[in-house]
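*Asks:* The structure is given below, and queries will be raised subsequently.
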Amino acid sequence: MKYEPFQYQRFAEDFVLEHEACGLFLDMGLGKTAITLSACEKLLRDRFEVDRVLVIAPLLPARETWPSELKKWDHLKGLTWSLVLGSLDDRERALAREADFYIINPMYKEEWDRLVEAREFIARMNEFR
């Protein structure tokens, strides 16, 4: 599907691109995921400012929303993702896969430990740019 953002979505995407750290506080259904993915797509493909993206999300959005949005929009075709969910072995395999997006849901204390390791892993990968 062709992504045709509304003016507020373009504004929000530009805001994300102009700020190293920020938050999007929009109501449900206003396109936060699409805005974020579009900004990340530009950082990955156009600006070459990042090599990988770590998405931290509640379980349902991690499992359903993010992958479906990545599949939905034409301008995101070719971007890859790995769901870092399930057992410890499943999560380790997911982190070992080559992907543009690593989507994680840190539910328990051990998940936060894995998140720190995931951040370190991605930081090491970005050193090779």
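By order of appearance in the structure tokens: chains A, B, ..., then residues from 1 within every chain, and ligands from 1 in the order shown.
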Give me the residues within 9 Å of Ala62 in chain A as a count of residues only, counting only C-alpha atoms and dropping any in the same chain fewer than 4 places off.
*Replies:* 12
*Asks:* Quick one: residues within 7 Å of Ala39 in chain A, only C-alpha atoms counted, chain neighbours fewer than 5 positions away excluded, as a list in words?
*Replies:*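 Neighbouring residues, sequence-local ones excluded: Glu13, Val16 and Leu17 of chain A.
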*Asks:* Give me, as an MDAnalysis selection string, all polymer residues having an atom no more than 10 Å from Glu69 in chain A, counting only C-alpha atoms and skipping those fewer than 5 positions away in the same chain.
*Replies:* chainID A and resid 31 33:34 37 64 76
*Asks:* Nearest to Arg63 in chain A: which of A:Tyr102, A:Arg10, A:Asp27, A:Lys32 is it, counting only C-alpha atoms?
*Replies:*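 With only C-alpha atoms as the atom set, the closest residue is A:Tyr102.
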*Asks:* Which of chain A counts as strand (DSSP E) under DSSP, as a list in words please?
*Replies:*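 Selection result, strand (DSSP E) within chain A: Val53, Leu54, Val55, Ile56, Trp81, Ser82, Leu83, Val84, Phe101, Tyr102, Ile103 and Ile104 of chain A.
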*Asks:* Write a file of the selected residues as an mmCIF file, in the first residue's frame, keeping N, CA, C and O atoms.
*Replies:*
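The result, stored in out-v7.cif:
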data_model
loop_
_atom_site.group_PDB
_atom_site.id
_atom_site.type_symbol
_atom_site.label_atom_id
_atom_site.label_comp_id
_atom_site.auth_asym_id
_atom_site.auth_seq_id
_atom_site.Cartn_x
_atom_site.Cartn_y
_atom_site.Cartn_z
ATOM 1 N N VAL A 53 17.827 -1.147 13.937
ATOM 2 C CA VAL A 53 16.881 -0.464 14.811
ATOM 3 C C VAL A 53 16.379 -1.460 15.850
ATOM 4 O O VAL A 53 15.987 -2.574 15.506
ATOM 5 N N LEU A 54 16.406 -1.047 17.105
ATOM 6 C CA LEU A 54 15.883 -1.867 18.188
ATOM 7 C C LEU A 54 14.530 -1.302 18.595
ATOM 8 O O LEU A 54 14.435 -0.147 19.016
ATOM 9 N N VAL A 55 13.478 -2.102 18.463
ATOM 10 C CA VAL A 55 12.125 -1.709 18.830
ATOM 11 C C VAL A 55 11.772 -2.420 20.134
ATOM 12 O O VAL A 55 11.844 -3.640 20.214
ATOM 13 N N ILE A 56 11.389 -1.641 21.142
ATOM 14 C CA ILE A 56 10.956 -2.199 22.420
ATOM 15 C C ILE A 56 9.464 -1.923 22.521
ATOM 16 O O ILE A 56 9.044 -0.764 22.518
ATOM 17 N N TRP A 81 13.080 -7.847 9.559
ATOM 18 C CA TRP A 81 12.920 -7.762 11.009
ATOM 19 C C TRP A 81 13.081 -9.136 11.619
ATOM 20 O O TRP A 81 12.913 -10.150 10.969
ATOM 21 N N SER A 82 13.415 -9.107 12.893
ATOM 22 C CA SER A 82 13.548 -10.327 13.668
ATOM 23 C C SER A 82 12.806 -10.118 14.976
ATOM 24 O O SER A 82 13.060 -9.141 15.690
ATOM 25 N N LEU A 83 11.879 -11.018 15.282
ATOM 26 C CA LEU A 83 11.124 -10.945 16.530
ATOM 27 C C LEU A 83 11.925 -11.623 17.632
ATOM 28 O O LEU A 83 12.170 -12.822 17.577
ATOM 29 N N VAL A 84 12.319 -10.860 18.616
ATOM 30 C CA VAL A 84 13.122 -11.371 19.721
ATOM 31 C C VAL A 84 12.154 -11.722 20.855
ATOM 32 O O VAL A 84 12.017 -11.000 21.832
ATOM 33 N N PHE A 101 15.457 -4.479 11.702
ATOM 34 C CA PHE A 101 14.734 -4.208 12.943
ATOM 35 C C PHE A 101 14.773 -5.432 13.841
ATOM 36 O O PHE A 101 14.501 -6.543 13.385
ATOM 37 N N TYR A 102 15.107 -5.215 15.104
ATOM 38 C CA TYR A 102 15.006 -6.255 16.126
ATOM 39 C C TYR A 102 13.882 -5.811 17.050
ATOM 40 O O TYR A 102 13.966 -4.746 17.678
ATOM 41 N N ILE A 103 12.815 -6.599 17.103
ATOM 42 C CA ILE A 103 11.627 -6.237 17.860
ATOM 43 C C ILE A 103 11.583 -7.096 19.110
ATOM 44 O O ILE A 103 11.542 -8.323 19.031
ATOM 45 N N ILE A 104 11.602 -6.423 20.272
ATOM 46 C CA ILE A 104 11.729 -7.121 21.531
ATOM 47 C C ILE A 104 10.638 -6.677 22.499
ATOM 48 O O ILE A 104 10.149 -5.554 22.434
#
*Asks:* Can you measure CA of Arg47 in chain A to CA of Arg93 in chain A for me? One decimal in Å is fine.
*Replies:*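 Answer for the CA of Arg47 in chain A to CA of Arg93 in chain A separation: 28.9 Å.
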*Asks:* Quick one: DSSP helix (DSSP H, G or I) residues in range 21-81 of chain A, as a PyMOL selection string?
*Replies:* chain A and resi 32-46+59-72+74-76
*Asks:* Let's have the selection written as a tab-separated table (two decimals), in the first residue's frame, with N, CA, C and O atoms.
*Replies:*
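And here is the file that came out, selection-v9.tsv:
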chain	number	residue	atom	x	y	z
A	32	LYS	N	1.43	6.27	14.72
A	32	LYS	CA	2.74	6.35	15.37
A	32	LYS	C	3.72	5.32	14.81
A	32	LYS	O	4.88	5.64	14.57
A	33	THR	N	3.24	4.11	14.59
A	33	THR	CA	4.13	3.06	14.08
A	33	THR	C	4.59	3.39	12.66
A	33	THR	O	5.78	3.30	12.35
A	34	ALA	N	3.67	3.79	11.80
A	34	ALA	CA	4.03	4.14	10.42
A	34	ALA	C	4.97	5.34	10.38
A	34	ALA	O	5.92	5.35	9.59
A	35	ILE	N	4.72	6.32	11.22
A	35	ILE	CA	5.60	7.49	11.29
A	35	ILE	C	7.01	7.05	11.70
A	35	ILE	O	8.01	7.43	11.08
A	36	THR	N	7.08	6.26	12.75
A	36	THR	CA	8.38	5.80	13.26
A	36	THR	C	9.10	4.95	12.23
A	36	THR	O	10.31	5.12	12.00
A	37	LEU	N	8.38	4.03	11.59
A	37	LEU	CA	8.99	3.19	10.56
A	37	LEU	C	9.48	4.03	9.38
A	37	LEU	O	10.56	3.76	8.83
A	38	SER	N	8.73	5.02	8.99
A	38	SER	CA	9.13	5.88	7.88
A	38	SER	C	10.39	6.66	8.22
A	38	SER	O	11.30	6.79	7.39
A	39	ALA	N	10.47	7.18	9.45
A	39	ALA	CA	11.67	7.88	9.87
A	39	ALA	C	12.86	6.92	9.92
A	39	ALA	O	13.96	7.26	9.43
A	40	CYS	N	12.65	5.73	10.45
A	40	CYS	CA	13.73	4.73	10.52
A	40	CYS	C	14.18	4.31	9.12
A	40	CYS	O	15.37	4.11	8.88
A	41	GLU	N	13.24	4.20	8.21
A	41	GLU	CA	13.58	3.84	6.82
A	41	GLU	C	14.52	4.88	6.23
A	41	GLU	O	15.50	4.54	5.56
A	42	LYS	N	14.26	6.14	6.49
A	42	LYS	CA	15.13	7.21	5.99
A	42	LYS	C	16.51	7.15	6.66
A	42	LYS	O	17.53	7.35	6.02
A	43	LEU	N	16.52	6.88	7.98
A	43	LEU	CA	17.80	6.77	8.68
A	43	LEU	C	18.62	5.59	8.18
A	43	LEU	O	19.85	5.66	8.11
A	44	LEU	N	17.94	4.51	7.81
A	44	LEU	CA	18.62	3.31	7.31
A	44	LEU	C	19.06	3.46	5.85
A	44	LEU	O	20.20	3.15	5.50
A	45	ARG	N	18.16	3.92	5.00
A	45	ARG	CA	18.39	3.87	3.55
A	45	ARG	C	18.88	5.18	2.92
A	45	ARG	O	19.62	5.14	1.94
A	46	ASP	N	18.44	6.29	3.44
A	46	ASP	CA	18.78	7.57	2.81
A	46	ASP	C	19.95	8.27	3.50
A	46	ASP	O	20.87	8.73	2.85
A	59	LEU	N	3.94	-6.83	24.24
A	59	LEU	CA	3.92	-8.10	23.52
A	59	LEU	C	3.04	-8.09	22.26
A	59	LEU	O	3.50	-8.47	21.19
A	60	LEU	N	1.80	-7.67	22.37
A	60	LEU	CA	0.91	-7.70	21.20
A	60	LEU	C	1.41	-6.81	20.07
A	60	LEU	O	1.52	-7.26	18.92
A	61	PRO	N	1.74	-5.54	20.32
A	61	PRO	CA	2.31	-4.74	19.23
A	61	PRO	C	3.61	-5.32	18.68
A	61	PRO	O	3.85	-5.26	17.48
A	62	ALA	N	4.45	-5.88	19.56
A	62	ALA	CA	5.71	-6.47	19.09
A	62	ALA	C	5.43	-7.63	18.14
A	62	ALA	O	6.07	-7.75	17.09
A	63	ARG	N	4.50	-8.46	18.50
A	63	ARG	CA	4.22	-9.66	17.71
A	63	ARG	C	3.35	-9.37	16.49
A	63	ARG	O	3.52	-9.99	15.44
A	64	GLU	N	2.42	-8.42	16.60
A	64	GLU	CA	1.43	-8.21	15.54
A	64	GLU	C	1.62	-6.89	14.79
A	64	GLU	O	1.71	-6.88	13.56
A	65	THR	N	1.61	-5.78	15.51
A	65	THR	CA	1.56	-4.46	14.88
A	65	THR	C	2.80	-4.13	14.06
A	65	THR	O	2.70	-3.77	12.89
A	66	TRP	N	3.97	-4.24	14.68
A	66	TRP	CA	5.20	-3.85	13.98
A	66	TRP	C	5.43	-4.70	12.73
A	66	TRP	O	5.67	-4.13	11.65
A	67	PRO	N	5.36	-6.03	12.81
A	67	PRO	CA	5.54	-6.82	11.58
A	67	PRO	C	4.48	-6.51	10.51
A	67	PRO	O	4.80	-6.41	9.32
A	68	SER	N	3.22	-6.34	10.91
A	68	SER	CA	2.18	-6.08	9.90
A	68	SER	C	2.38	-4.71	9.25
A	68	SER	O	2.15	-4.56	8.04
A	69	GLU	N	2.83	-3.72	10.00
A	69	GLU	CA	3.11	-2.41	9.41
A	69	GLU	C	4.32	-2.48	8.47
A	69	GLU	O	4.33	-1.82	7.43
A	70	LEU	N	5.32	-3.25	8.84
A	70	LEU	CA	6.48	-3.41	7.95
A	70	LEU	C	6.09	-4.07	6.63
A	70	LEU	O	6.65	-3.76	5.59
A	71	LYS	N	5.13	-4.98	6.68
A	71	LYS	CA	4.66	-5.65	5.46
A	71	LYS	C	3.71	-4.76	4.66
A	71	LYS	O	3.61	-4.90	3.44
A	72	LYS	N	3.01	-3.89	5.33
A	72	LYS	CA	1.91	-3.13	4.73
A	72	LYS	C	2.34	-2.06	3.73
A	72	LYS	O	1.75	-1.93	2.66
A	74	ASP	N	4.46	0.12	1.02
A	74	ASP	CA	5.35	-0.09	-0.13
A	74	ASP	C	6.77	0.44	0.11
A	74	ASP	O	7.74	-0.20	-0.28
A	75	HIS	N	6.89	1.61	0.72
A	75	HIS	CA	8.21	2.21	0.89
A	75	HIS	C	9.08	1.45	1.90
A	75	HIS	O	10.28	1.71	1.99
A	76	LEU	N	8.49	0.50	2.60
A	76	LEU	CA	9.25	-0.29	3.57
A	76	LEU	C	9.63	-1.67	3.03
A	76	LEU	O	10.27	-2.46	3.73
